[in-house]
Structure formats: structure tokens, C-alpha cells
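Peer 1: Below is protein-v5.txt; it holds compact mmCIF, C-alpha atoms and all ligand atoms.
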```txt
# COMPACT_ATOMS: atom_id res chain seq x y z
CA MET A 11 5.79 -17.51 13.02
CA ILE A 12 5.73 -14.95 10.22
CA ILE A 13 8.47 -12.31 10.27
CA VAL A 14 7.84 -8.96 8.59
CA HIS A 15 10.84 -6.89 7.54
CA HIS A 16 9.28 -3.52 8.12
CA LEU A 17 10.60 -0.11 7.08
CA ASN A 18 9.16 2.94 8.84
CA ASN A 19 6.74 5.11 6.82
CA SER A 20 6.42 2.57 4.05
CA ARG A 21 4.33 0.08 2.14
CA SER A 22 5.00 -2.58 4.73
CA GLN A 23 2.47 -0.90 7.05
CA ARG A 24 -0.32 -2.42 4.95
CA ILE A 25 1.18 -5.90 5.46
CA LEU A 26 0.93 -5.41 9.23
CA TRP A 27 -2.69 -4.36 8.74
CA MET A 28 -3.41 -7.50 6.68
CA LEU A 29 -1.78 -9.72 9.32
CA GLU A 30 -3.88 -8.09 12.05
CA GLU A 31 -7.07 -8.59 10.01
CA LEU A 32 -6.17 -12.27 9.67
CA GLY A 33 -5.44 -12.58 13.39
CA LEU A 34 -2.03 -14.11 12.75
CA ASP A 35 0.97 -14.18 15.07
CA TYR A 36 3.88 -12.28 13.62
CA GLU A 37 7.15 -10.64 14.55
CA ILE A 38 8.47 -7.39 13.17
CA THR A 39 12.09 -6.71 12.33
CA HIS A 40 12.29 -2.92 12.19
CA TYR A 41 14.40 -0.87 9.77
CA GLN A 42 14.67 2.92 9.76
CA ARG A 43 14.95 5.06 6.65
CA ASP A 44 18.05 7.22 6.31
CA LYS A 45 17.01 10.69 7.50
CA GLU A 46 18.53 12.44 4.48
CA THR A 47 18.03 10.04 1.59
CA SER A 48 14.94 8.17 2.86
CA LEU A 49 16.60 4.97 1.64
CA ALA A 50 16.44 1.70 3.57
CA PRO A 51 19.55 0.53 5.42
CA ASP A 52 21.81 -1.93 3.56
CA THR A 53 20.97 -4.65 6.10
CA LEU A 54 17.67 -5.18 4.25
CA LYS A 55 19.72 -6.57 1.34
CA GLU A 56 20.68 -9.46 3.59
CA ILE A 57 17.01 -10.50 3.51
CA HIS A 58 16.26 -9.82 -0.17
CA PRO A 59 18.58 -8.61 -2.98
CA LEU A 60 16.50 -5.52 -3.75
CA GLY A 61 16.83 -4.20 -0.21
CA LYS A 62 13.22 -2.97 -0.23
CA SER A 63 10.38 -3.39 2.24
CA PRO A 64 8.08 -5.23 2.70
CA VAL A 65 9.57 -8.69 2.79
CA ILE A 66 8.04 -11.51 4.79
CA VAL A 67 9.54 -14.78 5.91
CA ASP A 68 7.05 -17.55 6.65
CA GLY A 69 8.94 -20.77 7.36
CA GLU A 70 10.59 -21.75 4.07
CA VAL A 71 8.94 -18.89 2.18
CA THR A 72 10.70 -15.54 1.70
CA LEU A 73 8.52 -13.17 -0.30
CA ALA A 74 8.90 -9.56 -1.45
CA GLU A 75 6.45 -7.29 -3.32
CA SER A 76 3.48 -6.17 -1.29
CA GLY A 77 0.80 -7.28 -3.79
CA ALA A 78 2.29 -10.77 -3.86
CA ILE A 79 2.55 -10.86 -0.06
CA ILE A 80 -1.07 -9.80 0.39
CA GLU A 81 -2.24 -12.36 -2.18
CA TYR A 82 -0.13 -15.04 -0.47
CA LEU A 83 -1.55 -14.23 2.96
CA ALA A 84 -5.14 -14.16 1.66
CA ASP A 85 -4.66 -17.55 -0.03
CA ALA A 86 -2.75 -19.22 2.79
CA TYR A 87 -4.65 -17.85 5.78
CA GLY A 88 -7.75 -16.01 4.56
CA ALA A 89 -10.13 -19.00 4.71
CA GLY A 90 -11.80 -17.67 1.55
CA MET A 91 -12.84 -14.46 3.33
CA TRP A 92 -10.42 -11.98 1.77
CA LYS A 93 -10.98 -12.69 -1.94
CA PRO A 94 -14.20 -12.72 -3.95
CA LYS A 95 -15.40 -16.07 -5.21
CA ALA A 96 -13.66 -17.08 -8.46
CA GLY A 97 -15.66 -16.47 -11.63
CA THR A 98 -17.69 -13.56 -10.22
CA PRO A 99 -17.59 -9.95 -11.49
CA GLU A 100 -16.15 -9.03 -8.07
CA ALA A 101 -13.20 -11.39 -8.66
CA LEU A 102 -12.28 -9.46 -11.81
CA ARG A 103 -12.50 -6.11 -10.04
CA TYR A 104 -10.37 -7.59 -7.25
CA LEU A 105 -7.71 -8.68 -9.74
CA GLU A 106 -7.61 -5.30 -11.40
CA TRP A 107 -7.25 -3.29 -8.18
CA LEU A 108 -4.73 -5.66 -6.65
CA HIS A 109 -2.39 -5.00 -9.60
CA TYR A 110 -3.44 -1.42 -10.26
CA SER A 111 -2.17 -0.17 -6.90
CA GLU A 112 1.53 -0.67 -7.66
CA GLY A 113 1.22 -1.02 -11.45
CA SER A 114 -0.55 2.30 -12.12
CA ALA A 115 -1.56 4.35 -9.08
CA MET A 116 1.92 4.67 -7.60
CA MET A 117 3.61 5.94 -10.77
CA PRO A 118 2.42 9.58 -10.79
CA LEU A 119 2.83 9.79 -7.00
CA LEU A 120 6.45 8.67 -7.21
CA LEU A 121 7.14 10.93 -10.19
CA GLY A 122 5.71 13.86 -8.21
CA LEU A 123 7.93 12.99 -5.25
CA TYR A 124 11.14 12.72 -7.25
CA VAL A 125 10.54 15.54 -9.73
CA GLY A 126 9.50 17.79 -6.82
CA ARG A 127 13.02 17.40 -5.44
CA LEU A 128 14.44 18.99 -8.61
CA GLY A 129 12.88 22.36 -7.77
CA ASP A 130 12.72 24.72 -10.77
CA ALA A 131 14.50 22.21 -13.01
CA GLY A 132 11.54 19.84 -12.70
CA ALA A 133 8.84 22.45 -13.24
CA PRO A 134 8.21 21.65 -16.96
CA LEU A 135 7.25 18.08 -16.02
CA LEU A 136 4.79 18.96 -13.27
CA PRO A 137 1.69 19.72 -15.41
CA ARG A 138 1.90 16.28 -17.03
CA ILE A 139 2.40 14.58 -13.65
CA MET A 140 -0.47 16.52 -12.06
CA GLY A 141 -2.65 15.61 -15.05
CA GLU A 142 -1.93 11.93 -14.48
CA MET A 143 -2.69 12.26 -10.78
CA THR A 144 -6.07 13.80 -11.60
CA ASN A 145 -6.70 11.05 -14.14
CA HIS A 146 -5.98 8.29 -11.62
CA PHE A 147 -7.61 9.82 -8.55
CA SER A 148 -10.76 10.54 -10.58
CA TYR A 149 -10.85 6.93 -11.77
CA MET A 150 -10.46 5.56 -8.24
CA ASN A 151 -13.01 8.01 -6.86
CA GLY A 152 -15.52 6.97 -9.54
CA ALA A 153 -15.04 3.30 -8.70
CA LEU A 154 -16.31 3.95 -5.18
CA ALA A 155 -19.37 5.98 -6.21
CA ASP A 156 -21.82 3.17 -5.41
CA GLN A 157 -19.84 0.78 -3.25
CA ASP A 158 -17.75 0.95 -0.09
CA TRP A 159 -14.87 -1.28 -1.22
CA PHE A 160 -12.96 -1.63 -4.45
CA ALA A 161 -14.17 -5.12 -5.38
CA GLY A 162 -17.77 -4.57 -4.23
CA ASP A 163 -19.71 -4.33 -0.99
CA ALA A 164 -17.32 -6.41 1.12
CA ILE A 165 -13.76 -5.58 2.11
CA THR A 166 -11.14 -7.79 0.41
CA ALA A 167 -7.36 -7.97 0.23
CA CYS A 168 -7.29 -5.58 -2.75
CA ASP A 169 -8.51 -2.83 -0.41
CA VAL A 170 -5.48 -3.44 1.79
CA GLN A 171 -3.26 -3.11 -1.28
CA MET A 172 -5.09 0.05 -2.44
CA SER A 173 -4.72 1.76 0.93
CA PHE A 174 -1.10 2.79 0.35
CA PRO A 175 -1.41 5.00 -2.77
CA LEU A 176 -4.46 6.61 -1.20
CA GLU A 177 -2.67 7.29 2.07
CA ALA A 178 0.26 8.67 0.07
CA GLY A 179 -2.21 10.94 -1.75
CA GLN A 180 -3.80 11.92 1.56
CA GLY A 181 -0.37 12.73 3.01
CA THR A 182 0.32 15.22 0.23
CA GLY A 183 -3.13 16.84 0.54
CA LEU A 184 -4.30 15.58 -2.87
CA LEU A 185 -7.46 13.80 -1.73
CA ALA A 186 -9.46 16.85 -0.71
CA GLU A 187 -11.39 16.86 -3.99
CA TYR A 188 -12.23 13.16 -3.92
CA PRO A 189 -14.85 12.47 -1.24
CA ASN A 190 -15.25 8.77 -2.05
CA LEU A 191 -11.53 8.20 -1.54
CA ALA A 192 -11.52 10.18 1.70
CA GLY A 193 -14.52 8.07 2.83
CA PHE A 194 -12.67 4.87 1.94
CA LEU A 195 -9.71 5.90 4.09
CA GLU A 196 -12.03 6.79 6.95
CA ARG A 197 -13.50 3.30 6.83
CA VAL A 198 -10.03 1.74 6.63
CA GLN A 199 -8.52 3.81 9.42
CA ALA A 200 -11.47 3.12 11.74
CA ARG A 201 -10.91 -0.64 11.64
CA PRO A 202 -9.59 -2.10 14.92
CA ALA A 203 -7.06 -4.24 13.01
CA TYR A 204 -5.73 -1.16 11.24
CA LYS A 205 -5.28 0.62 14.57
CA ARG A 206 -3.52 -2.38 16.11
CA ALA A 207 -1.16 -2.51 13.12
CA LEU A 208 -0.29 1.16 13.58
CA LYS A 209 0.58 0.54 17.23
CA ARG A 210 2.85 -2.35 16.30
CA GLY A 211 4.47 -0.67 13.29
CA GLY A 212 5.38 2.59 14.96
CA PRO A 213 5.15 6.08 13.47
CA TYR A 214 3.58 6.15 9.99
CA LYS A 215 3.53 9.47 8.21
CA LEU A 216 3.50 9.83 4.43
CA GLY A 217 4.13 12.95 2.38
CA GLY A 218 3.78 16.52 3.68
N1 LIG A 301 6.47 -2.50 -5.49
C1 LIG A 301 7.17 -2.79 -4.26
C2 LIG A 301 7.90 -1.53 -3.84
C3 LIG A 301 8.82 -1.75 -2.67
C4 LIG A 301 9.47 -0.42 -2.26
O1 LIG A 301 9.91 0.37 -3.10
N2 LIG A 301 9.51 -0.19 -0.95
C5 LIG A 301 10.02 1.06 -0.44
C6 LIG A 301 9.24 1.47 0.80
S1 LIG A 301 7.65 2.10 0.47
C7 LIG A 301 11.46 0.91 0.02
O2 LIG A 301 11.83 -0.12 0.52
N3 LIG A 301 12.23 2.01 -0.09
C8 LIG A 301 13.54 2.11 0.46
C9 LIG A 301 14.64 2.07 -0.56
O3 LIG A 301 14.34 2.05 -1.77
O4 LIG A 301 15.80 2.07 -0.14
C10 LIG A 301 6.16 -3.27 -3.23
O5 LIG A 301 4.96 -2.96 -3.36
O6 LIG A 301 6.51 -3.99 -2.29
```
Show me this structure written as C-alpha cells.

Peer 2:
Amino acid sequence: MIIVHHLNNSRSQRILWMLEELGLDYEITHYQRDKETSLAPDTLKEIHPLGKSPVIVDGEVTLAESGAIIEYLADAYGAGMWKPKAGTPEALRYLEWLHYSEGSAMMPLLLGLYVGRLGDAGAPLLPRIMGEMTNHFSYMNGALADQDWFAGDAITACDVQMSFPLEAGQGTGLLAEYPNLAGFLERVQARPAYKRALKRGGPYKLGG
């Protein structure tokens, strides 16, 4: 039985979605963010030294980092359905987006979140951060001009990984000018597995 160490309003929601898509049995250990700091409780450090979510435990395997978890689940349980065939152009797109989500897309969103807390003191940094957000959202929007999913015409695990920065952008009202990204989230959020994951994970509200 897979155990997911799940923090409310966090990246671990997409792990629940992936598990539902794969039809796997899993248990959730819930953690609540501190209401003032938004930090995870210290008990998460008993599972993994970083004290961040998601972390999964699957028998002997304890794994952190959502991209790694999604890749692990696709490889171990996806029966070849959640990754493009190796050596295809789609496999390269898949690789890029799987890493891009945390490696590039999250950076300006997190900077905006933290610098926003500085109030006037952070104001000089905001134009640069907003410029980077426009740069990244435009790139992602362009990638979906002629296809429904990031690696091509079929949903793959990289779409699960990409859902979080886009939902974070949606939560702060930034997606209004990017119809392909809004359409992507509509397709994601309409999936029965996504809805089941929301029911199991509890309240999920990002930004705003
Ligand atoms: N790159 C990591 C980021 C993990 C991470 O920062 N998780 C956040 C939740 S979205 C967290 O645990 N925050 C609580 C804290 O830092 O105390 C991943 O994708 O898993």
C-alpha cells in the first residue's frame, strides 16, 4: 500500500491525482500548514529530512520531490500508458516539461509570492518578476496552441506535473490572458480521477 504524506493546499495534490489515474490503492497521512507561516509541521521531518510535501512511501521506497514521484509511479505502475514511447519527439517534449515545471515555471511564481509579502520594500523587484511570469506563461500557452497536452495529443505524466504551476497561476488570477492554459486546466479538472483526488485530499486552494 502506498502512503502519501500530504500537505493541504500543496504540490502533493497532483500526486493524489496521479494515483487516482493509475487506479492504485493508497493511504493519505494528512498534514496542515501553519495558519500564519504556511509552513509544514515539524512532524514531516520524521518522514524526510527536508520536511516538505509530497513524500511517498511504497514498501521499501521513500521518495520526495514531486517530479521524481510522478516519474516513479509512471514507470512502476503506468503500464507504458503515462509516458511517450522512448525515442519519439513526444518523449523529448515529455522530458522537458516534466523538469520544466519545478525547474523553471515555479521560480517566478514563488518569487512573486515571497516578494509580495515585503510590501513597498519589494516593489522594485516586481517588474522583473512580472516580466518573467509573462515570459513563462507565454511559452507554456504557445506550446498548447495545436495540441491538448504538453507532450502531444495524449495525456502523460508530465501533464500531471505541469498542473501545479498552472493552478498556482490560476489561483492568483494570472491565467486570464492565456486561453490555451485555461483550456488545459479545464480538461484536467474535468477528469474523474482529478475529482476523486480532490475529494480524498481535502480543501485545495492556491493563491488569492
Ligand atoms: N520541488 C519540491 C518542492 C516541495 C515543496 O516545497 N513543498 C511545499 C508544498 S507545495 C512544502 O512542503 N512547503 C511547506 C514548508 O516548506 O514547510 C517538489 O516538487 O516536491

Peer 1: Between CA of Val67 (chain A) and CA of His16 (chain A), what distance in Å does the model show, to one decimal?

Peer 2: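 Straight-line distance from CA of Val67 (chain A) to CA of His16 (chain A) works out to 11.5 Å.
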
Peer 1: Would you compute the distance between CA of Ser48 (chain A) and CA of Met116 (chain A)? Give it in Å to one decimal.

Peer 2: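 Going from CA of Ser48 (chain A) over to CA of Met116 (chain A) covers 17.1 Å.
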
Peer 1: Could you give me the residues within 8 Å of ligand LIG 301 (chain A), counting all atoms listed in the file, as a ChimeraX atom specification?

Peer 2: /A:17,19-22,43,48-51,61-65,74-77,112

Peer 1: Using only C-alpha atoms, can you tell me which of A:Gly88, A:Pro59, A:Gly212, A:Pro99 comes closest to Met28 (chain A)?

Peer 2: A:Gly88

Peer 1: Please report the interatomic distance between CA of Asp52 (chain A) and CA of Tyr124 (chain A) in Å with one decimal.

Peer 2: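 Atom-to-atom, CA of Asp52 (chain A) to CA of Tyr124 (chain A), that is 21.1 Å.
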
Peer 1: Determine, for each residue of region 19-69 of chain A having at least one atom at most 12 Å from an atom of region 151-172 of chain A, the closest pair of atoms and their separation in Å to one decimal, counting all atoms listed in the file; order by chain and ascending number, as JSON lines.

Peer 2:
```
{"residue": "A:Arg21", "atom": "CA", "partner": "A:Gln171", "partner_atom": "CA", "distance": 8.9}
{"residue": "A:Ser22", "atom": "CA", "partner": "A:Gln171", "partner_atom": "CA", "distance": 10.2}
{"residue": "A:Gln23", "atom": "CA", "partner": "A:Val170", "partner_atom": "CA", "distance": 9.9}
{"residue": "A:Arg24", "atom": "CA", "partner": "A:Val170", "partner_atom": "CA", "distance": 6.1}
{"residue": "A:Ile25", "atom": "CA", "partner": "A:Val170", "partner_atom": "CA", "distance": 8.0}
{"residue": "A:Leu26", "atom": "CA", "partner": "A:Val170", "partner_atom": "CA", "distance": 10.0}
{"residue": "A:Trp27", "atom": "CA", "partner": "A:Val170", "partner_atom": "CA", "distance": 7.5}
{"residue": "A:Met28", "atom": "CA", "partner": "A:Val170", "partner_atom": "CA", "distance": 6.7}
{"residue": "A:Leu29", "atom": "CA", "partner": "A:Val170", "partner_atom": "CA", "distance": 10.5}
{"residue": "A:Glu30", "atom": "CA", "partner": "A:Val170", "partner_atom": "CA", "distance": 11.4}
{"residue": "A:Glu31", "atom": "CA", "partner": "A:Ala167", "partner_atom": "CA", "distance": 9.8}
{"residue": "A:Leu32", "atom": "CA", "partner": "A:Ala167", "partner_atom": "CA", "distance": 10.4}
```

Peer 1: With C-alpha atoms retained, export the selected residues as a short mmCIF file (atom, residue, chain, number, x, y, z; two decimals), in the coordinates of the input.

Peer 2:
```cif
data_model
loop_
_atom_site.label_atom_id
_atom_site.label_comp_id
_atom_site.auth_asym_id
_atom_site.auth_seq_id
_atom_site.Cartn_x
_atom_site.Cartn_y
_atom_site.Cartn_z
CA ARG A 21 4.33 0.08 2.14
CA SER A 22 5.00 -2.58 4.73
CA GLN A 23 2.47 -0.90 7.05
CA ARG A 24 -0.32 -2.42 4.95
CA ILE A 25 1.18 -5.90 5.46
CA LEU A 26 0.93 -5.41 9.23
CA TRP A 27 -2.69 -4.36 8.74
CA MET A 28 -3.41 -7.50 6.68
CA LEU A 29 -1.78 -9.72 9.32
CA GLU A 30 -3.88 -8.09 12.05
CA GLU A 31 -7.07 -8.59 10.01
CA LEU A 32 -6.17 -12.27 9.67
#
```

Peer 1: With only C-alpha atoms as the basis for distance, which of A:Ala178, A:Asn18, A:Glu106, A:Phe194 is at the shortest distance from Pro213 (chain A)?

Peer 2: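 Going through A:Ala178, A:Asn18, A:Glu106, A:Phe194 one by one, the smallest distance to Pro213 (chain A) is for A:Asn18.
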
Peer 1: Under the rule that all atoms listed in the file are counted, which of A:Phe174, A:Tyr188, A:Tyr214, A:Tyr41 is the nearest residue to Tyr110 (chain A)?

Peer 2: A:Phe174

Peer 1: Env of Gly122 (chain A): 10 Å cut, atoms = all atoms listed in the file, seq-sep filter 2 positions within chain, self excluded. Answer as a list of chain:residue names.

Peer 2: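 Answer for this query is A:Met116, A:Met117, A:Pro118, A:Leu119, A:Leu120, A:Tyr124, A:Val125, A:Gly126, A:Arg127, A:Gly132, A:Leu135, A:Leu136, A:Arg138, A:Ile139, A:Met140, A:Met143.
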
Peer 1: So that I can see what lies close to region 195-198 of chain A, please list as a PyMOL selection string the residues with an atom at most 8 Å from it, counting only C-alpha atoms and leaving out residues fewer than 5 positions away in the same chain.

Peer 2: chain A and resi 173+176-177+204

Peer 1: Using C-alpha atoms, can you write the selected residues to a file as a compact mmCIF listing (two decimals), in the frame of the given file?

Peer 2:
```txt
# COMPACT_ATOMS: atom_id res chain seq x y z
CA SER A 173 -4.72 1.76 0.93
CA LEU A 176 -4.46 6.61 -1.20
CA GLU A 177 -2.67 7.29 2.07
CA TYR A 204 -5.73 -1.16 11.24
```

Peer 1: Would you give the centre and edge lengths, in Å to one decimal, of a box along x, y and z around the listed atoms of region 92-98 of chain A, with 5 Å added to each side, as lines of an AutoDock Vina configuration file?

Peer 2:
```
center_x = -14.1
center_y = -14.5
center_z = -4.9
size_x = 17.3
size_y = 15.1
size_z = 23.4
```

Peer 1: Please determine, counting all atoms listed in the file, which residue among A:Pro94, A:Pro134, A:Pro189, A:Pro175 has the shortest atom-to-atom distance to Gly113 (chain A).

Peer 2: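 Distance minimum relative to Gly113 (chain A) lands on A:Pro175.
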
Peer 1: Rebuild region 86-113 of chain A so that it carries N, CA and C atoms, then output the result as a PDB file, keeping the file's coordinate frame.

Peer 2:
```pdb
ATOM      1  N   ALA A  86      -3.223 -18.241   1.802  1.00  0.00           N
ATOM      2  CA  ALA A  86      -2.750 -19.220   2.790  1.00  0.00           C
ATOM      3  C   ALA A  86      -3.578 -19.179   4.072  1.00  0.00           C
ATOM      4  N   TYR A  87      -4.052 -17.986   4.446  1.00  0.00           N
ATOM      5  CA  TYR A  87      -4.650 -17.850   5.780  1.00  0.00           C
ATOM      6  C   TYR A  87      -6.034 -17.188   5.783  1.00  0.00           C
ATOM      7  N   GLY A  88      -6.523 -16.810   4.605  1.00  0.00           N
ATOM      8  CA  GLY A  88      -7.750 -16.010   4.560  1.00  0.00           C
ATOM      9  C   GLY A  88      -9.041 -16.809   4.666  1.00  0.00           C
ATOM     10  N   ALA A  89      -8.947 -18.124   4.613  1.00  0.00           N
ATOM     11  CA  ALA A  89     -10.130 -19.000   4.710  1.00  0.00           C
ATOM     12  C   ALA A  89     -11.234 -18.542   3.747  1.00  0.00           C
ATOM     13  N   GLY A  90     -10.817 -18.070   2.567  1.00  0.00           N
ATOM     14  CA  GLY A  90     -11.800 -17.670   1.550  1.00  0.00           C
ATOM     15  C   GLY A  90     -12.494 -16.347   1.831  1.00  0.00           C
ATOM     16  N   MET A  91     -12.108 -15.667   2.926  1.00  0.00           N
ATOM     17  CA  MET A  91     -12.840 -14.460   3.330  1.00  0.00           C
ATOM     18  C   MET A  91     -12.299 -13.186   2.689  1.00  0.00           C
ATOM     19  N   TRP A  92     -11.061 -13.235   2.191  1.00  0.00           N
ATOM     20  CA  TRP A  92     -10.420 -11.980   1.770  1.00  0.00           C
ATOM     21  C   TRP A  92     -10.309 -11.826   0.271  1.00  0.00           C
ATOM     22  N   LYS A  93     -10.936 -12.777  -0.479  1.00  0.00           N
ATOM     23  CA  LYS A  93     -10.980 -12.690  -1.940  1.00  0.00           C
ATOM     24  C   LYS A  93     -12.395 -13.006  -2.377  1.00  0.00           C
ATOM     25  N   PRO A  94     -12.881 -12.342  -3.446  1.00  0.00           N
ATOM     26  CA  PRO A  94     -14.200 -12.720  -3.950  1.00  0.00           C
ATOM     27  C   PRO A  94     -14.158 -14.130  -4.552  1.00  0.00           C
ATOM     28  N   LYS A  95     -15.306 -14.719  -4.649  1.00  0.00           N
ATOM     29  CA  LYS A  95     -15.400 -16.070  -5.210  1.00  0.00           C
ATOM     30  C   LYS A  95     -14.964 -16.050  -6.675  1.00  0.00           C
ATOM     31  N   ALA A  96     -14.150 -17.023  -7.070  1.00  0.00           N
ATOM     32  CA  ALA A  96     -13.660 -17.080  -8.460  1.00  0.00           C
ATOM     33  C   ALA A  96     -14.822 -17.109  -9.440  1.00  0.00           C
ATOM     34  N   GLY A  97     -14.640 -16.431 -10.573  1.00  0.00           N
ATOM     35  CA  GLY A  97     -15.660 -16.470 -11.630  1.00  0.00           C
ATOM     36  C   GLY A  97     -16.739 -15.407 -11.478  1.00  0.00           C
ATOM     37  N   THR A  98     -16.676 -14.613 -10.420  1.00  0.00           N
ATOM     38  CA  THR A  98     -17.690 -13.560 -10.220  1.00  0.00           C
ATOM     39  C   THR A  98     -17.162 -12.230 -10.777  1.00  0.00           C
ATOM     40  N   PRO A  99     -18.064 -11.280 -11.065  1.00  0.00           N
ATOM     41  CA  PRO A  99     -17.590  -9.950 -11.490  1.00  0.00           C
ATOM     42  C   PRO A  99     -16.683  -9.322 -10.430  1.00  0.00           C
ATOM     43  N   GLU A 100     -16.976  -9.594  -9.155  1.00  0.00           N
ATOM     44  CA  GLU A 100     -16.150  -9.030  -8.070  1.00  0.00           C
ATOM     45  C   GLU A 100     -14.710  -9.555  -8.147  1.00  0.00           C
ATOM     46  N   ALA A 101     -14.556 -10.809  -8.577  1.00  0.00           N
ATOM     47  CA  ALA A 101     -13.200 -11.390  -8.660  1.00  0.00           C
ATOM     48  C   ALA A 101     -12.371 -10.652  -9.713  1.00  0.00           C
ATOM     49  N   LEU A 102     -13.011 -10.220 -10.792  1.00  0.00           N
ATOM     50  CA  LEU A 102     -12.280  -9.460 -11.810  1.00  0.00           C
ATOM     51  C   LEU A 102     -11.890  -8.082 -11.309  1.00  0.00           C
ATOM     52  N   ARG A 103     -12.819  -7.432 -10.616  1.00  0.00           N
ATOM     53  CA  ARG A 103     -12.500  -6.110 -10.040  1.00  0.00           C
ATOM     54  C   ARG A 103     -11.338  -6.266  -9.055  1.00  0.00           C
ATOM     55  N   TYR A 104     -11.423  -7.308  -8.235  1.00  0.00           N
ATOM     56  CA  TYR A 104     -10.370  -7.590  -7.250  1.00  0.00           C
ATOM     57  C   TYR A 104      -9.012  -7.704  -7.931  1.00  0.00           C
ATOM     58  N   LEU A 105      -8.972  -8.463  -9.023  1.00  0.00           N
ATOM     59  CA  LEU A 105      -7.710  -8.680  -9.740  1.00  0.00           C
ATOM     60  C   LEU A 105      -7.151  -7.360 -10.262  1.00  0.00           C
ATOM     61  N   GLU A 106      -8.051  -6.578 -10.843  1.00  0.00           N
ATOM     62  CA  GLU A 106      -7.610  -5.300 -11.400  1.00  0.00           C
ATOM     63  C   GLU A 106      -7.007  -4.405 -10.306  1.00  0.00           C
ATOM     64  N   TRP A 107      -7.725  -4.231  -9.207  1.00  0.00           N
ATOM     65  CA  TRP A 107      -7.250  -3.290  -8.180  1.00  0.00           C
ATOM     66  C   TRP A 107      -6.015  -3.788  -7.464  1.00  0.00           C
ATOM     67  N   LEU A 108      -5.917  -5.101  -7.302  1.00  0.00           N
ATOM     68  CA  LEU A 108      -4.730  -5.660  -6.650  1.00  0.00           C
ATOM     69  C   LEU A 108      -3.470  -5.287  -7.429  1.00  0.00           C
ATOM     70  N   HIS A 109      -3.558  -5.327  -8.761  1.00  0.00           N
ATOM     71  CA  HIS A 109      -2.390  -5.000  -9.600  1.00  0.00           C
ATOM     72  C   HIS A 109      -2.277  -3.497  -9.841  1.00  0.00           C
ATOM     73  N   TYR A 110      -3.414  -2.846  -9.925  1.00  0.00           N
ATOM     74  CA  TYR A 110      -3.440  -1.420 -10.260  1.00  0.00           C
ATOM     75  C   TYR A 110      -2.672  -0.578  -9.233  1.00  0.00           C
ATOM     76  N   SER A 111      -2.757  -0.958  -7.981  1.00  0.00           N
ATOM     77  CA  SER A 111      -2.170  -0.170  -6.900  1.00  0.00           C
ATOM     78  C   SER A 111      -0.696   0.133  -7.168  1.00  0.00           C
ATOM     79  N   GLU A 112       0.100  -0.891  -7.395  1.00  0.00           N
ATOM     80  CA  GLU A 112       1.530  -0.670  -7.660  1.00  0.00           C
ATOM     81  C   GLU A 112       1.781  -0.432  -9.155  1.00  0.00           C
ATOM     82  N   GLY A 113       0.965  -1.072 -10.006  1.00  0.00           N
ATOM     83  CA  GLY A 113       1.220  -1.020 -11.450  1.00  0.00           C
ATOM     84  C   GLY A 113       0.868   0.323 -12.076  1.00  0.00           C
TER      85      GLY A 113
END
```
